[in-house]
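**Q** Structure provided below as structure tokens; questions to follow.
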Amino acid sequence: MRALPGLLAARAPTPRLLLLLQCLLATARPSSADGSAPDLPFTSLPLREEMMANNFSWESHNISLTEHSSMPVEKNITLERPSNVNLTCQFTTSGDLNAVNVTWKKDSEQLENNYLVSATGSTLYTQYRFTIINSKQMGSYSCFFREEKEQRGTFNFKVPELHGKNKPLISYVGDSTVLTCKCQNCFPLNWTWYSTNGSVKVPVGVQMNKYVINGTYANETKLKITQLLEEDGGSYWCHALFQVGESEEHIELVVLSYLVPLKPFLAIVAEVVLLVAAILLCEKYTQKEKKHSDEGKEFEQTEQLKSDDSNGIENNVPRHRKNESLGQ
């Protein structure tokens with residue numbers, strides 16, 4: 001933790017000084033003429049990294065905070081190759097700048113004595129410089145300003161994201177399909193494809209005639225799968241390797257048999273058949289009921305006629321008898 005004024009930490013020896021020390025050590029070593037094993041060349045890892053860093057490009061980024069900032073400020077930075085990095089945070093306050101404590105963290109680890117703190121007017125500045133060589137230096141770098149409350153700014157370093165197909169890719173048994181992954185404005189060192197067998201990722205076997213991996217451009221890769229089977233469906237992953245990390249993207253493949261598209265049609269046909277059958281049964285039942293009704297009416301009419309005939313005969317008999325009595 002540091003308050004204003006902040007000073008740069010003691011710098012490492014300059015490259016010229018280290019080279020001079022290397023020459024002195026080399027002259028002081030015994031030669032191999034006495035039969036002893038020759039000494040290995042003297043190397044210094046920090047020196048080698050510093051010499052490498054001289055060839056890297058610079059990445060400069062900054063974040064602005066105030067005493068009234070209600071939320072931490074974050075900035076996402078994409079890197080695909082080693083770079084020198086210069087991070088700057090500025091904090092504006094109406095209070096006493098000497099009472100503000102400044103710290104830096106890499107992820108959750110606090111960084112000690114390798115950053116600069118300065119002030120101009122009512123603004124406090126802190127600067128952190130470092131070199132990203134591999135994935136170990138990637139991650140989140142945060143500056144903290146502690147006054148009455150703590151304000152934080154975070155720089156998130158990530159490798160480029162890959163882009164595949166958001167929706168599942170659907171194909172049919174016996175067909176061929178092509179899975180494609182792209183990296184926007186970036187060029188991976190290497191591409192690899194994996195398929196998921198349960199929870200385990202298995203590299204796609206390009207030695208088999210079933211799979212072909214190629215790409216028209218360096219920033220894309222394509223996996224062609226021929227003679228699809230239903231078991232070829234599942235999750236596929238494209239994996240890109242960069243100098244400072246790795247990235248991957250997921251693509252879902254669904255393989256259907258040709259009967260699957262017919263299922264909705266068959267379901268509709270079945271519904272139509274059931275509907276027609278129901279209509280026919282209903283019509284047959286209606287006709288049957290109508291027939292019974294007609295037969296009942298005909299029977300009633302017949303009975304009525306019989307009844308009328310019977311009544312007519314009975315009425316005629318008394319009349320006939322009456323006429324006979326009058327004739328006598």
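Order determines the names: the first chain of the structure tokens is A, the second B, and so forth; residues in each chain are numbered 1 upward, and ligands are numbered 1 upward as they are shown.
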Leaving out Val212 of chain A and any residue of its chain fewer than 6 positions from it, which residues lie within 10 Å of it when counting only C-alpha atoms, given as a PyMOL selection string?
**A** chain A and resi 178+204-206+222-226
**Q** Write out as a VMD selection string all residues of segment 113-255 of chain A that backbone DSSP assigns to strand (DSSP E or B).
**A** chain A and resid 115 to 120 123 to 132 139 to 146 150 to 158 162 to 163 169 to 172 177 to 183 190 to 197 200 to 203 211 to 214 220 to 225 234 to 242 245 to 255
**Q** Write out as a PyMOL selection string which residues come within 10 Å of segment 58-68 of chain A when counting only C-alpha atoms, dropping same-chain ones fewer than 2 positions away.
**A** chain A and resi 53-56+70-75+77+79+82-95+123-127+129+131+143-155
**Q** Tell me, as number ranges by chain, which residues lie within 9 Å of segment 242-257 of chain A, counting only C-alpha atoms; anything in the same chain fewer than 3 positions away does not count.
**A** A: 79-82, 132-138, 158-174, 179-181, 187-190, 228-239, 260-261
**Q** Distance atom CA of Tyr128 of chain A-atom CA of Trp104 of chain A, one decimal place?
**A**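 It comes out at 8.2 Å.
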**Q** Report, in Å to a single decimal, how far apart atom CA of Tyr285 of chain A and atom CA of Val273 of chain A are.
**A**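 Atom-to-atom, atom CA of Val273 of chain A and atom CA of Tyr285 of chain A are spaced 18.0 Å apart.
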